[in-house]
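Trainee: work-v7.csv is reproduced below (CSV, N, CA, C and O atoms).
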```csv
chain,number,residue,atom,x,y,z
A,1,MET,N,2.1,-18.5,-9.7
A,1,MET,CA,1.1,-17.5,-9.2
A,1,MET,C,1.7,-16.1,-9.3
A,1,MET,O,0.9,-15.2,-9.7
A,2,TRP,N,2.9,-15.9,-9.1
A,2,TRP,CA,3.5,-14.5,-9.1
A,2,TRP,C,3.4,-13.9,-10.5
A,2,TRP,O,3.3,-12.7,-10.6
A,3,GLY,N,3.4,-14.7,-11.5
A,3,GLY,CA,3.3,-14.2,-12.9
A,3,GLY,C,1.9,-13.7,-13.2
A,3,GLY,O,1.7,-13.0,-14.2
A,4,LEU,N,0.9,-14.0,-12.4
A,4,LEU,CA,-0.4,-13.6,-12.6
A,4,LEU,C,-0.8,-12.2,-12.1
A,4,LEU,O,-1.8,-11.6,-12.4
A,5,TRP,N,0.0,-11.6,-11.2
A,5,TRP,CA,-0.3,-10.3,-10.7
A,5,TRP,C,-0.2,-9.2,-11.7
A,5,TRP,O,0.8,-9.1,-12.5
A,6,PRO,N,-1.2,-8.4,-11.8
A,6,PRO,CA,-1.2,-7.3,-12.8
A,6,PRO,C,-0.2,-6.2,-12.4
A,6,PRO,O,0.1,-6.1,-11.2
A,7,PRO,N,0.4,-5.5,-13.3
A,7,PRO,CA,1.3,-4.4,-12.9
A,7,PRO,C,0.7,-3.4,-12.1
A,7,PRO,O,-0.5,-3.1,-12.3
A,8,VAL,N,1.4,-2.8,-11.2
A,8,VAL,CA,0.9,-1.7,-10.3
A,8,VAL,C,1.0,-0.4,-11.0
A,8,VAL,O,2.1,0.0,-11.4
A,9,PRO,N,-0.1,0.3,-11.2
A,9,PRO,CA,0.0,1.6,-12.0
A,9,PRO,C,0.6,2.7,-11.1
A,9,PRO,O,0.6,2.6,-9.9
A,10,LEU,N,1.1,3.7,-11.8
A,10,LEU,CA,1.5,4.9,-11.1
A,10,LEU,C,0.3,5.8,-11.0
A,10,LEU,O,-0.5,6.0,-12.0
A,11,VAL,N,0.0,6.4,-9.9
A,11,VAL,CA,-1.2,7.2,-9.7
A,11,VAL,C,-0.7,8.6,-9.4
A,11,VAL,O,-0.2,8.9,-8.3
A,12,ASP,N,-0.9,9.5,-10.4
A,12,ASP,CA,-0.4,10.9,-10.2
A,12,ASP,C,-1.6,11.8,-9.8
A,12,ASP,O,-1.4,12.9,-9.4
A,13,GLU,N,-2.8,11.3,-9.8
A,13,GLU,CA,-4.0,12.1,-9.3
A,13,GLU,C,-3.9,12.2,-7.8
A,13,GLU,O,-3.7,11.2,-7.1
A,14,VAL,N,-4.0,13.4,-7.3
A,14,VAL,CA,-3.9,13.6,-5.8
A,14,VAL,C,-5.3,13.4,-5.3
A,14,VAL,O,-6.3,14.0,-5.7
A,15,HIS,N,-5.4,12.5,-4.3
A,15,HIS,CA,-6.7,12.2,-3.6
A,15,HIS,C,-6.7,12.9,-2.3
A,15,HIS,O,-5.6,13.0,-1.6
A,16,HIS,N,-7.8,13.4,-1.9
A,16,HIS,CA,-7.9,14.1,-0.6
A,16,HIS,C,-7.6,13.1,0.6
A,16,HIS,O,-6.8,13.4,1.5
A,17,VAL,N,-8.3,11.9,0.5
A,17,VAL,CA,-8.1,10.9,1.6
A,17,VAL,C,-7.7,9.6,1.0
A,17,VAL,O,-8.3,9.2,0.0
A,18,VAL,N,-6.7,9.0,1.5
A,18,VAL,CA,-6.2,7.6,1.1
A,18,VAL,C,-6.2,6.8,2.4
A,18,VAL,O,-5.6,7.1,3.4
A,19,HIS,N,-6.9,5.6,2.3
A,19,HIS,CA,-6.8,4.6,3.4
A,19,HIS,C,-5.8,3.6,3.0
A,19,HIS,O,-5.8,3.1,1.8
A,20,VAL,N,-5.0,3.2,3.9
A,20,VAL,CA,-4.0,2.1,3.7
A,20,VAL,C,-4.1,1.0,4.7
A,20,VAL,O,-4.4,1.3,5.9
A,21,ASP,N,-3.9,-0.2,4.3
A,21,ASP,CA,-3.9,-1.3,5.3
A,21,ASP,C,-3.2,-2.5,4.7
A,21,ASP,O,-3.0,-2.6,3.5
A,22,GLY,N,-2.9,-3.4,5.5
A,22,GLY,CA,-2.2,-4.7,5.1
A,22,GLY,C,-3.2,-5.9,5.3
A,22,GLY,O,-3.8,-6.0,6.3
A,23,ILE,N,-3.2,-6.7,4.3
A,23,ILE,CA,-4.0,-7.9,4.4
A,23,ILE,C,-3.1,-9.1,4.4
A,23,ILE,O,-2.4,-9.3,3.4
A,24,HIS,N,-3.0,-9.8,5.5
A,24,HIS,CA,-2.1,-10.9,5.6
A,24,HIS,C,-2.6,-12.2,5.0
A,24,HIS,O,-3.7,-12.6,5.4
A,25,LEU,N,-1.9,-12.7,4.0
A,25,LEU,CA,-2.3,-13.9,3.3
A,25,LEU,C,-1.9,-15.1,4.0
A,25,LEU,O,-2.5,-16.1,3.9
A,26,HIS,N,-0.7,-15.0,4.6
A,26,HIS,CA,-0.1,-16.2,5.3
A,26,HIS,C,0.9,-15.5,6.2
A,26,HIS,O,1.2,-14.3,6.1
A,27,ARG,N,1.5,-16.3,7.0
A,27,ARG,CA,2.5,-15.6,8.0
A,27,ARG,C,3.7,-15.1,7.2
A,27,ARG,O,4.4,-14.2,7.8
A,28,ASP,N,3.9,-15.4,6.0
A,28,ASP,CA,5.1,-14.9,5.2
A,28,ASP,C,4.7,-14.0,4.1
A,28,ASP,O,5.5,-13.8,3.2
A,29,ALA,N,3.4,-13.5,4.0
A,29,ALA,CA,3.0,-12.7,2.9
A,29,ALA,C,1.9,-11.8,3.3
A,29,ALA,O,1.0,-12.1,4.1
A,30,VAL,N,2.0,-10.5,2.8
A,30,VAL,CA,1.0,-9.5,3.1
A,30,VAL,C,0.8,-8.7,1.8
A,30,VAL,O,1.8,-8.4,1.1
A,31,VAL,N,-0.4,-8.3,1.6
A,31,VAL,CA,-0.7,-7.4,0.5
A,31,VAL,C,-1.0,-6.0,1.1
A,31,VAL,O,-2.0,-5.9,1.9
A,32,LEU,N,-0.2,-5.0,0.8
A,32,LEU,CA,-0.4,-3.7,1.3
A,32,LEU,C,-1.3,-3.0,0.3
A,32,LEU,O,-1.0,-3.0,-0.9
A,33,ILE,N,-2.4,-2.3,0.7
A,33,ILE,CA,-3.3,-1.8,-0.2
A,33,ILE,C,-3.6,-0.3,0.1
A,33,ILE,O,-3.7,0.1,1.3
A,34,ALA,N,-3.7,0.5,-0.9
A,34,ALA,CA,-4.1,1.9,-0.8
A,34,ALA,C,-5.5,2.1,-1.5
A,34,ALA,O,-5.6,1.7,-2.7
A,35,ILE,N,-6.4,2.7,-0.8
A,35,ILE,CA,-7.8,2.9,-1.3
A,35,ILE,C,-8.2,4.4,-1.3
A,35,ILE,O,-7.9,5.0,-0.2
A,36,ALA,N,-8.7,4.9,-2.3
A,36,ALA,CA,-9.3,6.2,-2.4
A,36,ALA,C,-10.6,6.2,-3.1
A,36,ALA,O,-10.7,5.6,-4.2
A,37,ASP,N,-11.5,7.0,-2.6
A,37,ASP,CA,-12.9,7.1,-3.2
A,37,ASP,C,-13.5,5.7,-3.6
A,37,ASP,O,-14.1,5.5,-4.6
A,38,GLY,N,-13.2,4.7,-2.7
A,38,GLY,CA,-13.8,3.4,-2.8
A,38,GLY,C,-13.2,2.5,-3.8
A,38,GLY,O,-13.7,1.4,-4.2
A,39,HIS,N,-12.0,2.9,-4.4
A,39,HIS,CA,-11.3,2.1,-5.3
A,39,HIS,C,-9.8,1.9,-4.9
A,39,HIS,O,-9.2,2.8,-4.3
A,40,VAL,N,-9.3,0.7,-5.2
A,40,VAL,CA,-7.9,0.4,-5.0
A,40,VAL,C,-7.1,1.2,-5.9
A,40,VAL,O,-7.3,1.1,-7.2
A,41,ILE,N,-6.1,2.0,-5.4
A,41,ILE,CA,-5.3,2.8,-6.3
A,41,ILE,C,-3.8,2.3,-6.3
A,41,ILE,O,-3.0,2.8,-7.1
A,42,GLY,N,-3.5,1.4,-5.4
A,42,GLY,CA,-2.2,0.9,-5.4
A,42,GLY,C,-2.1,-0.3,-4.4
A,42,GLY,O,-2.9,-0.5,-3.5
A,43,TRP,N,-1.1,-1.2,-4.7
A,43,TRP,CA,-0.9,-2.4,-3.9
A,43,TRP,C,0.6,-2.8,-3.9
A,43,TRP,O,1.3,-2.4,-4.9
A,44,GLN,N,1.0,-3.5,-2.9
A,44,GLN,CA,2.4,-4.0,-2.9
A,44,GLN,C,2.4,-5.3,-2.2
A,44,GLN,O,1.7,-5.5,-1.1
A,45,ILE,N,3.0,-6.3,-2.7
A,45,ILE,CA,3.2,-7.6,-2.1
A,45,ILE,C,4.5,-7.5,-1.3
A,45,ILE,O,5.5,-7.1,-1.8
A,46,ALA,N,4.4,-8.0,0.0
A,46,ALA,CA,5.6,-8.0,0.8
A,46,ALA,C,5.6,-9.1,1.8
A,46,ALA,O,4.6,-9.8,1.9
A,47,LYS,N,6.7,-9.4,2.5
A,47,LYS,CA,6.8,-10.4,3.5
A,47,LYS,C,6.3,-9.9,4.8
A,47,LYS,O,5.8,-10.7,5.6
A,48,SER,N,6.3,-8.6,5.0
A,48,SER,CA,5.8,-8.0,6.3
A,48,SER,C,5.5,-6.6,6.1
A,48,SER,O,5.8,-6.0,5.0
A,49,GLU,N,4.9,-6.0,7.1
A,49,GLU,CA,4.5,-4.5,7.0
A,49,GLU,C,5.6,-3.7,7.5
A,49,GLU,O,5.5,-2.9,8.5
A,50,ARG,N,6.8,-3.8,6.9
A,50,ARG,CA,7.9,-2.9,7.3
A,50,ARG,C,7.9,-1.6,6.5
A,50,ARG,O,7.2,-1.5,5.5
A,51,SER,N,8.6,-0.6,7.0
A,51,SER,CA,8.6,0.7,6.4
A,51,SER,C,9.0,0.7,4.9
A,51,SER,O,8.5,1.4,4.1
A,52,ALA,N,10.0,-0.2,4.6
A,52,ALA,CA,10.5,-0.2,3.2
A,52,ALA,C,9.4,-0.7,2.3
A,52,ALA,O,9.2,-0.2,1.1
A,53,ALA,N,8.6,-1.7,2.7
A,53,ALA,CA,7.4,-2.1,1.9
A,53,ALA,C,6.4,-1.0,1.7
A,53,ALA,O,5.9,-0.8,0.6
A,54,TRP,N,6.1,-0.3,2.8
A,54,TRP,CA,5.1,0.8,2.7
A,54,TRP,C,5.7,1.9,1.8
A,54,TRP,O,4.9,2.5,1.1
A,55,GLN,N,7.0,2.2,1.9
A,55,GLN,CA,7.5,3.2,1.0
A,55,GLN,C,7.4,2.8,-0.4
A,55,GLN,O,7.2,3.7,-1.3
A,56,SER,N,7.6,1.5,-0.7
A,56,SER,CA,7.4,1.1,-2.1
A,56,SER,C,6.0,1.3,-2.6
A,56,SER,O,5.8,1.7,-3.8
A,57,LEU,N,5.0,1.1,-1.8
A,57,LEU,CA,3.7,1.4,-2.2
A,57,LEU,C,3.4,2.9,-2.3
A,57,LEU,O,2.9,3.3,-3.4
A,58,MET,N,3.9,3.6,-1.4
A,58,MET,CA,3.6,5.1,-1.4
A,58,MET,C,4.4,5.8,-2.5
A,58,MET,O,4.0,6.9,-3.0
A,59,ALA,N,5.5,5.2,-3.0
A,59,ALA,CA,6.2,5.8,-4.1
A,59,ALA,C,5.5,5.8,-5.4
A,59,ALA,O,5.8,6.6,-6.3
A,60,ARG,N,4.5,5.0,-5.5
A,60,ARG,CA,3.7,4.8,-6.7
A,60,ARG,C,2.4,5.6,-6.7
A,60,ARG,O,1.7,5.6,-7.7
A,61,ILE,N,2.1,6.3,-5.6
A,61,ILE,CA,0.9,7.1,-5.6
A,61,ILE,C,1.2,8.6,-5.2
A,61,ILE,O,2.2,8.8,-4.4
A,62,ALA,N,0.4,9.5,-5.6
A,62,ALA,CA,0.7,10.9,-5.3
A,62,ALA,C,0.4,11.1,-3.8
A,62,ALA,O,-0.6,10.5,-3.2
A,63,PRO,N,1.1,11.9,-3.1
A,63,PRO,CA,0.9,12.1,-1.6
A,63,PRO,C,-0.5,12.7,-1.4
A,63,PRO,O,-0.9,13.7,-2.0
A,64,PRO,N,-1.3,12.1,-0.6
A,64,PRO,CA,-2.7,12.6,-0.3
A,64,PRO,C,-2.7,13.7,0.7
A,64,PRO,O,-1.6,13.9,1.4
A,65,ASP,N,-3.8,14.4,0.8
A,65,ASP,CA,-3.9,15.4,1.8
A,65,ASP,C,-4.0,14.7,3.2
A,65,ASP,O,-3.4,15.2,4.2
A,66,VAL,N,-4.7,13.6,3.3
A,66,VAL,CA,-4.9,12.9,4.6
A,66,VAL,C,-4.6,11.4,4.3
A,66,VAL,O,-5.1,10.8,3.4
A,67,LEU,N,-3.8,10.8,5.2
A,67,LEU,CA,-3.5,9.3,5.1
A,67,LEU,C,-4.2,8.7,6.3
A,67,LEU,O,-3.9,9.1,7.5
A,68,VAL,N,-5.1,7.7,6.1
A,68,VAL,CA,-5.8,7.0,7.2
A,68,VAL,C,-5.2,5.6,7.3
A,68,VAL,O,-5.1,4.9,6.3
A,69,CYS,N,-4.7,5.3,8.5
A,69,CYS,CA,-4.1,4.0,8.7
A,69,CYS,C,-4.3,3.6,10.2
A,69,CYS,O,-4.7,4.3,11.0
A,70,ASP,N,-3.9,2.3,10.5
A,70,ASP,CA,-4.0,1.8,11.8
A,70,ASP,C,-2.7,2.2,12.7
A,70,ASP,O,-2.7,1.9,13.9
A,71,GLY,N,-1.7,2.7,12.0
A,71,GLY,CA,-0.5,3.2,12.8
A,71,GLY,C,0.5,2.1,13.1
A,71,GLY,O,1.4,2.4,13.8
A,72,GLY,N,0.3,0.9,12.6
A,72,GLY,CA,1.3,-0.1,12.9
A,72,GLY,C,2.1,-0.6,11.8
A,72,GLY,O,2.0,-0.1,10.6
A,73,GLY,N,3.1,-1.4,12.0
A,73,GLY,CA,3.9,-2.1,11.0
A,73,GLY,C,4.7,-1.2,10.1
A,73,GLY,O,4.8,-1.5,8.9
A,74,GLY,N,5.3,-0.2,10.6
A,74,GLY,CA,6.2,0.6,9.8
A,74,GLY,C,5.5,1.7,9.0
A,74,GLY,O,6.2,2.5,8.3
A,75,ILE,N,4.2,1.8,9.0
A,75,ILE,CA,3.5,2.8,8.2
A,75,ILE,C,3.9,4.2,8.6
A,75,ILE,O,4.0,5.1,7.7
A,76,MET,N,4.0,4.5,9.9
A,76,MET,CA,4.3,5.9,10.3
A,76,MET,C,5.7,6.3,9.8
A,76,MET,O,5.8,7.5,9.4
A,77,LYS,N,6.7,5.5,9.9
A,77,LYS,CA,8.0,5.8,9.4
A,77,LYS,C,7.9,6.1,7.9
A,77,LYS,O,8.5,7.0,7.4
A,78,ALA,N,7.2,5.2,7.2
A,78,ALA,CA,7.1,5.4,5.7
A,78,ALA,C,6.4,6.7,5.4
A,78,ALA,O,6.7,7.4,4.4
A,79,ALA,N,5.3,7.0,6.1
A,79,ALA,CA,4.6,8.2,5.9
A,79,ALA,C,5.4,9.5,6.1
A,79,ALA,O,5.3,10.4,5.3
A,80,LYS,N,6.3,9.5,7.1
A,80,LYS,CA,7.1,10.6,7.3
A,80,LYS,C,8.2,10.8,6.2
A,80,LYS,O,8.5,11.9,5.9
A,81,THR,N,8.6,9.7,5.7
A,81,THR,CA,9.6,9.7,4.6
A,81,THR,C,8.9,10.2,3.3
A,81,THR,O,9.4,11.0,2.6
```
Represent the supplied structure as structure tokens.
Mentor:
Amino acid sequence: MWGLWPPVPLVDEVHHVVHVDGIHLHRDAVVLIAIADGHVIGWQIAKSERSAAWQSLMARIAPPDVLVCDGGGGIMKAAKT
């Protein structure tokens, strides 16, 4: 299954608002997703919503003007970094 995931693109376009959230697939897997203008602009597969996983996602997208999130799972620490 892991060989089927498409490569995650680098997004250098700055979006005004980016929504991020984690979708738990199982207790040991989560897909972290960044959405802007109704489209997925980035994703990261992780074991949990820790700050290091969120930082990996955020490193691949341009910093937005506004980041919308639920405030849990390490996202705030990653956003500050």
Trainee: Mind giving me the straight-line distance from atom CA of A:Ala52 to atom C of A:Ile35 in Å, one decimal?
Mentor: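 Atom C of A:Ile35 lies at a distance of 19.8 Å from atom CA of A:Ala52.
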Trainee: Mind listing the strand (DSSP E or B) residues of chain A, per DSSP on the backbone, as a PDB file with N, CA, C and O atoms, in the frame of the given file?
Mentor:
```
ATOM      1  N   VAL A  11       0.000   6.400  -9.900  1.00  0.00           N
ATOM      2  CA  VAL A  11      -1.200   7.200  -9.700  1.00  0.00           C
ATOM      3  C   VAL A  11      -0.700   8.600  -9.400  1.00  0.00           C
ATOM      4  O   VAL A  11      -0.200   8.900  -8.300  1.00  0.00           O
ATOM      5  N   VAL A  17      -8.300  11.900   0.500  1.00  0.00           N
ATOM      6  CA  VAL A  17      -8.100  10.900   1.600  1.00  0.00           C
ATOM      7  C   VAL A  17      -7.700   9.600   1.000  1.00  0.00           C
ATOM      8  O   VAL A  17      -8.300   9.200   0.000  1.00  0.00           O
ATOM      9  N   VAL A  18      -6.700   9.000   1.500  1.00  0.00           N
ATOM     10  CA  VAL A  18      -6.200   7.600   1.100  1.00  0.00           C
ATOM     11  C   VAL A  18      -6.200   6.800   2.400  1.00  0.00           C
ATOM     12  O   VAL A  18      -5.600   7.100   3.400  1.00  0.00           O
ATOM     13  N   HIS A  19      -6.900   5.600   2.300  1.00  0.00           N
ATOM     14  CA  HIS A  19      -6.800   4.600   3.400  1.00  0.00           C
ATOM     15  C   HIS A  19      -5.800   3.600   3.000  1.00  0.00           C
ATOM     16  O   HIS A  19      -5.800   3.100   1.800  1.00  0.00           O
ATOM     17  N   VAL A  20      -5.000   3.200   3.900  1.00  0.00           N
ATOM     18  CA  VAL A  20      -4.000   2.100   3.700  1.00  0.00           C
ATOM     19  C   VAL A  20      -4.100   1.000   4.700  1.00  0.00           C
ATOM     20  O   VAL A  20      -4.400   1.300   5.900  1.00  0.00           O
ATOM     21  N   ASP A  21      -3.900  -0.200   4.300  1.00  0.00           N
ATOM     22  CA  ASP A  21      -3.900  -1.300   5.300  1.00  0.00           C
ATOM     23  C   ASP A  21      -3.200  -2.500   4.700  1.00  0.00           C
ATOM     24  O   ASP A  21      -3.000  -2.600   3.500  1.00  0.00           O
ATOM     25  N   GLY A  22      -2.900  -3.400   5.500  1.00  0.00           N
ATOM     26  CA  GLY A  22      -2.200  -4.700   5.100  1.00  0.00           C
ATOM     27  C   GLY A  22      -3.200  -5.900   5.300  1.00  0.00           C
ATOM     28  O   GLY A  22      -3.800  -6.000   6.300  1.00  0.00           O
ATOM     29  N   ILE A  23      -3.200  -6.700   4.300  1.00  0.00           N
ATOM     30  CA  ILE A  23      -4.000  -7.900   4.400  1.00  0.00           C
ATOM     31  C   ILE A  23      -3.100  -9.100   4.400  1.00  0.00           C
ATOM     32  O   ILE A  23      -2.400  -9.300   3.400  1.00  0.00           O
ATOM     33  N   HIS A  24      -3.000  -9.800   5.500  1.00  0.00           N
ATOM     34  CA  HIS A  24      -2.100 -10.900   5.600  1.00  0.00           C
ATOM     35  C   HIS A  24      -2.600 -12.200   5.000  1.00  0.00           C
ATOM     36  O   HIS A  24      -3.700 -12.600   5.400  1.00  0.00           O
ATOM     37  N   LEU A  25      -1.900 -12.700   4.000  1.00  0.00           N
ATOM     38  CA  LEU A  25      -2.300 -13.900   3.300  1.00  0.00           C
ATOM     39  C   LEU A  25      -1.900 -15.100   4.000  1.00  0.00           C
ATOM     40  O   LEU A  25      -2.500 -16.100   3.900  1.00  0.00           O
ATOM     41  N   HIS A  26      -0.700 -15.000   4.600  1.00  0.00           N
ATOM     42  CA  HIS A  26      -0.100 -16.200   5.300  1.00  0.00           C
ATOM     43  C   HIS A  26       0.900 -15.500   6.200  1.00  0.00           C
ATOM     44  O   HIS A  26       1.200 -14.300   6.100  1.00  0.00           O
ATOM     45  N   ALA A  29       3.400 -13.500   4.000  1.00  0.00           N
ATOM     46  CA  ALA A  29       3.000 -12.700   2.900  1.00  0.00           C
ATOM     47  C   ALA A  29       1.900 -11.800   3.300  1.00  0.00           C
ATOM     48  O   ALA A  29       1.000 -12.100   4.100  1.00  0.00           O
ATOM     49  N   VAL A  30       2.000 -10.500   2.800  1.00  0.00           N
ATOM     50  CA  VAL A  30       1.000  -9.500   3.100  1.00  0.00           C
ATOM     51  C   VAL A  30       0.800  -8.700   1.800  1.00  0.00           C
ATOM     52  O   VAL A  30       1.800  -8.400   1.100  1.00  0.00           O
ATOM     53  N   VAL A  31      -0.400  -8.300   1.600  1.00  0.00           N
ATOM     54  CA  VAL A  31      -0.700  -7.400   0.500  1.00  0.00           C
ATOM     55  C   VAL A  31      -1.000  -6.000   1.100  1.00  0.00           C
ATOM     56  O   VAL A  31      -2.000  -5.900   1.900  1.00  0.00           O
ATOM     57  N   LEU A  32      -0.200  -5.000   0.800  1.00  0.00           N
ATOM     58  CA  LEU A  32      -0.400  -3.700   1.300  1.00  0.00           C
ATOM     59  C   LEU A  32      -1.300  -3.000   0.300  1.00  0.00           C
ATOM     60  O   LEU A  32      -1.000  -3.000  -0.900  1.00  0.00           O
ATOM     61  N   ILE A  33      -2.400  -2.300   0.700  1.00  0.00           N
ATOM     62  CA  ILE A  33      -3.300  -1.800  -0.200  1.00  0.00           C
ATOM     63  C   ILE A  33      -3.600  -0.300   0.100  1.00  0.00           C
ATOM     64  O   ILE A  33      -3.700   0.100   1.300  1.00  0.00           O
ATOM     65  N   ALA A  34      -3.700   0.500  -0.900  1.00  0.00           N
ATOM     66  CA  ALA A  34      -4.100   1.900  -0.800  1.00  0.00           C
ATOM     67  C   ALA A  34      -5.500   2.100  -1.500  1.00  0.00           C
ATOM     68  O   ALA A  34      -5.600   1.700  -2.700  1.00  0.00           O
ATOM     69  N   ILE A  35      -6.400   2.700  -0.800  1.00  0.00           N
ATOM     70  CA  ILE A  35      -7.800   2.900  -1.300  1.00  0.00           C
ATOM     71  C   ILE A  35      -8.200   4.400  -1.300  1.00  0.00           C
ATOM     72  O   ILE A  35      -7.900   5.000  -0.200  1.00  0.00           O
ATOM     73  N   ALA A  36      -8.700   4.900  -2.300  1.00  0.00           N
ATOM     74  CA  ALA A  36      -9.300   6.200  -2.400  1.00  0.00           C
ATOM     75  C   ALA A  36     -10.600   6.200  -3.100  1.00  0.00           C
ATOM     76  O   ALA A  36     -10.700   5.600  -4.200  1.00  0.00           O
ATOM     77  N   HIS A  39     -12.000   2.900  -4.400  1.00  0.00           N
ATOM     78  CA  HIS A  39     -11.300   2.100  -5.300  1.00  0.00           C
ATOM     79  C   HIS A  39      -9.800   1.900  -4.900  1.00  0.00           C
ATOM     80  O   HIS A  39      -9.200   2.800  -4.300  1.00  0.00           O
ATOM     81  N   VAL A  40      -9.300   0.700  -5.200  1.00  0.00           N
ATOM     82  CA  VAL A  40      -7.900   0.400  -5.000  1.00  0.00           C
ATOM     83  C   VAL A  40      -7.100   1.200  -5.900  1.00  0.00           C
ATOM     84  O   VAL A  40      -7.300   1.100  -7.200  1.00  0.00           O
ATOM     85  N   ILE A  41      -6.100   2.000  -5.400  1.00  0.00           N
ATOM     86  CA  ILE A  41      -5.300   2.800  -6.300  1.00  0.00           C
ATOM     87  C   ILE A  41      -3.800   2.300  -6.300  1.00  0.00           C
ATOM     88  O   ILE A  41      -3.000   2.800  -7.100  1.00  0.00           O
ATOM     89  N   GLY A  42      -3.500   1.400  -5.400  1.00  0.00           N
ATOM     90  CA  GLY A  42      -2.200   0.900  -5.400  1.00  0.00           C
ATOM     91  C   GLY A  42      -2.100  -0.300  -4.400  1.00  0.00           C
ATOM     92  O   GLY A  42      -2.900  -0.500  -3.500  1.00  0.00           O
ATOM     93  N   TRP A  43      -1.100  -1.200  -4.700  1.00  0.00           N
ATOM     94  CA  TRP A  43      -0.900  -2.400  -3.900  1.00  0.00           C
ATOM     95  C   TRP A  43       0.600  -2.800  -3.900  1.00  0.00           C
ATOM     96  O   TRP A  43       1.300  -2.400  -4.900  1.00  0.00           O
ATOM     97  N   GLN A  44       1.000  -3.500  -2.900  1.00  0.00           N
ATOM     98  CA  GLN A  44       2.400  -4.000  -2.900  1.00  0.00           C
ATOM     99  C   GLN A  44       2.400  -5.300  -2.200  1.00  0.00           C
ATOM    100  O   GLN A  44       1.700  -5.500  -1.100  1.00  0.00           O
ATOM    101  N   ILE A  45       3.000  -6.300  -2.700  1.00  0.00           N
ATOM    102  CA  ILE A  45       3.200  -7.600  -2.100  1.00  0.00           C
ATOM    103  C   ILE A  45       4.500  -7.500  -1.300  1.00  0.00           C
ATOM    104  O   ILE A  45       5.500  -7.100  -1.800  1.00  0.00           O
ATOM    105  N   ALA A  46       4.400  -8.000   0.000  1.00  0.00           N
ATOM    106  CA  ALA A  46       5.600  -8.000   0.800  1.00  0.00           C
ATOM    107  C   ALA A  46       5.600  -9.100   1.800  1.00  0.00           C
ATOM    108  O   ALA A  46       4.600  -9.800   1.900  1.00  0.00           O
ATOM    109  N   ILE A  61       2.100   6.300  -5.600  1.00  0.00           N
ATOM    110  CA  ILE A  61       0.900   7.100  -5.600  1.00  0.00           C
ATOM    111  C   ILE A  61       1.200   8.600  -5.200  1.00  0.00           C
ATOM    112  O   ILE A  61       2.200   8.800  -4.400  1.00  0.00           O
ATOM    113  N   VAL A  66      -4.700  13.600   3.300  1.00  0.00           N
ATOM    114  CA  VAL A  66      -4.900  12.900   4.600  1.00  0.00           C
ATOM    115  C   VAL A  66      -4.600  11.400   4.300  1.00  0.00           C
ATOM    116  O   VAL A  66      -5.100  10.800   3.400  1.00  0.00           O
ATOM    117  N   LEU A  67      -3.800  10.800   5.200  1.00  0.00           N
ATOM    118  CA  LEU A  67      -3.500   9.300   5.100  1.00  0.00           C
ATOM    119  C   LEU A  67      -4.200   8.700   6.300  1.00  0.00           C
ATOM    120  O   LEU A  67      -3.900   9.100   7.500  1.00  0.00           O
ATOM    121  N   VAL A  68      -5.100   7.700   6.100  1.00  0.00           N
ATOM    122  CA  VAL A  68      -5.800   7.000   7.200  1.00  0.00           C
ATOM    123  C   VAL A  68      -5.200   5.600   7.300  1.00  0.00           C
ATOM    124  O   VAL A  68      -5.100   4.900   6.300  1.00  0.00           O
TER     125      VAL A  68
END
```
Trainee: When you draw a straight line from atom CA of A:Asp12 to atom C of A:Ala62, how long is it in Å?
Mentor: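 Those two atoms sit 6.5 Å apart.
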Trainee: Out of chain A, which residues get helix (DSSP H, G or I) from DSSP, as a PyMOL selection string?
Mentor: chain A and resi 2-4+51-58+75-80
Trainee: Excluding A:Ala53 and residues on its chain fewer than 3 positions from it, collect all residues at most 8 Å away from it, counting all atoms listed in the file, and give them as a ChimeraX atom specification.
Mentor: /A:32,43-50,56-59,73-74,78
Trainee: In Å, with one decimal, what is the gap from atom CA of A:Ile75 to atom CA of A:Ile41?
Mentor: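 Between atom CA of A:Ile75 and atom CA of A:Ile41 the gap is 17.0 Å.
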Trainee: With a distance cut-off of 7 Å and all atoms listed in the file, select the neighbouring residues of A:Val14, excluding the residue or stretch itself and same-chain residues fewer than 5 positions from it, and output the selection as a list in words.
Mentor: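 So, after excluding close chain neighbours, the residues are Ala62, Pro63, Pro64 and Asp65 of chain A.
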Trainee: Please dump the current selection as a PDB file, keeping the file's coordinate frame; keep N, CA, C and O atoms.
Mentor:
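Writing done, so here's out.pdb:
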```pdb
ATOM      1  N   ALA A  62       0.400   9.500  -5.600  1.00  0.00           N
ATOM      2  CA  ALA A  62       0.700  10.900  -5.300  1.00  0.00           C
ATOM      3  C   ALA A  62       0.400  11.100  -3.800  1.00  0.00           C
ATOM      4  O   ALA A  62      -0.600  10.500  -3.200  1.00  0.00           O
ATOM      5  N   PRO A  63       1.100  11.900  -3.100  1.00  0.00           N
ATOM      6  CA  PRO A  63       0.900  12.100  -1.600  1.00  0.00           C
ATOM      7  C   PRO A  63      -0.500  12.700  -1.400  1.00  0.00           C
ATOM      8  O   PRO A  63      -0.900  13.700  -2.000  1.00  0.00           O
ATOM      9  N   PRO A  64      -1.300  12.100  -0.600  1.00  0.00           N
ATOM     10  CA  PRO A  64      -2.700  12.600  -0.300  1.00  0.00           C
ATOM     11  C   PRO A  64      -2.700  13.700   0.700  1.00  0.00           C
ATOM     12  O   PRO A  64      -1.600  13.900   1.400  1.00  0.00           O
ATOM     13  N   ASP A  65      -3.800  14.400   0.800  1.00  0.00           N
ATOM     14  CA  ASP A  65      -3.900  15.400   1.800  1.00  0.00           C
ATOM     15  C   ASP A  65      -4.000  14.700   3.200  1.00  0.00           C
ATOM     16  O   ASP A  65      -3.400  15.200   4.200  1.00  0.00           O
TER      17      ASP A  65
END
```
Trainee: I'd like to know which of A:Asp21, A:Val8, A:Gly38, A:His16 is closest to A:Cys69, using only N, CA, C and O atoms.
Mentor: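 Checking each candidate against A:Cys69, we get A:Asp21 as the closest.
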Trainee: I need the residue nearest A:Val18 from this list: A:Gly42, A:Leu67, A:Trp54, A:Val30. Use only C-alpha atoms for the distance.
Mentor: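 Among the listed residues, the smallest separation from A:Val18 belongs to A:Leu67.
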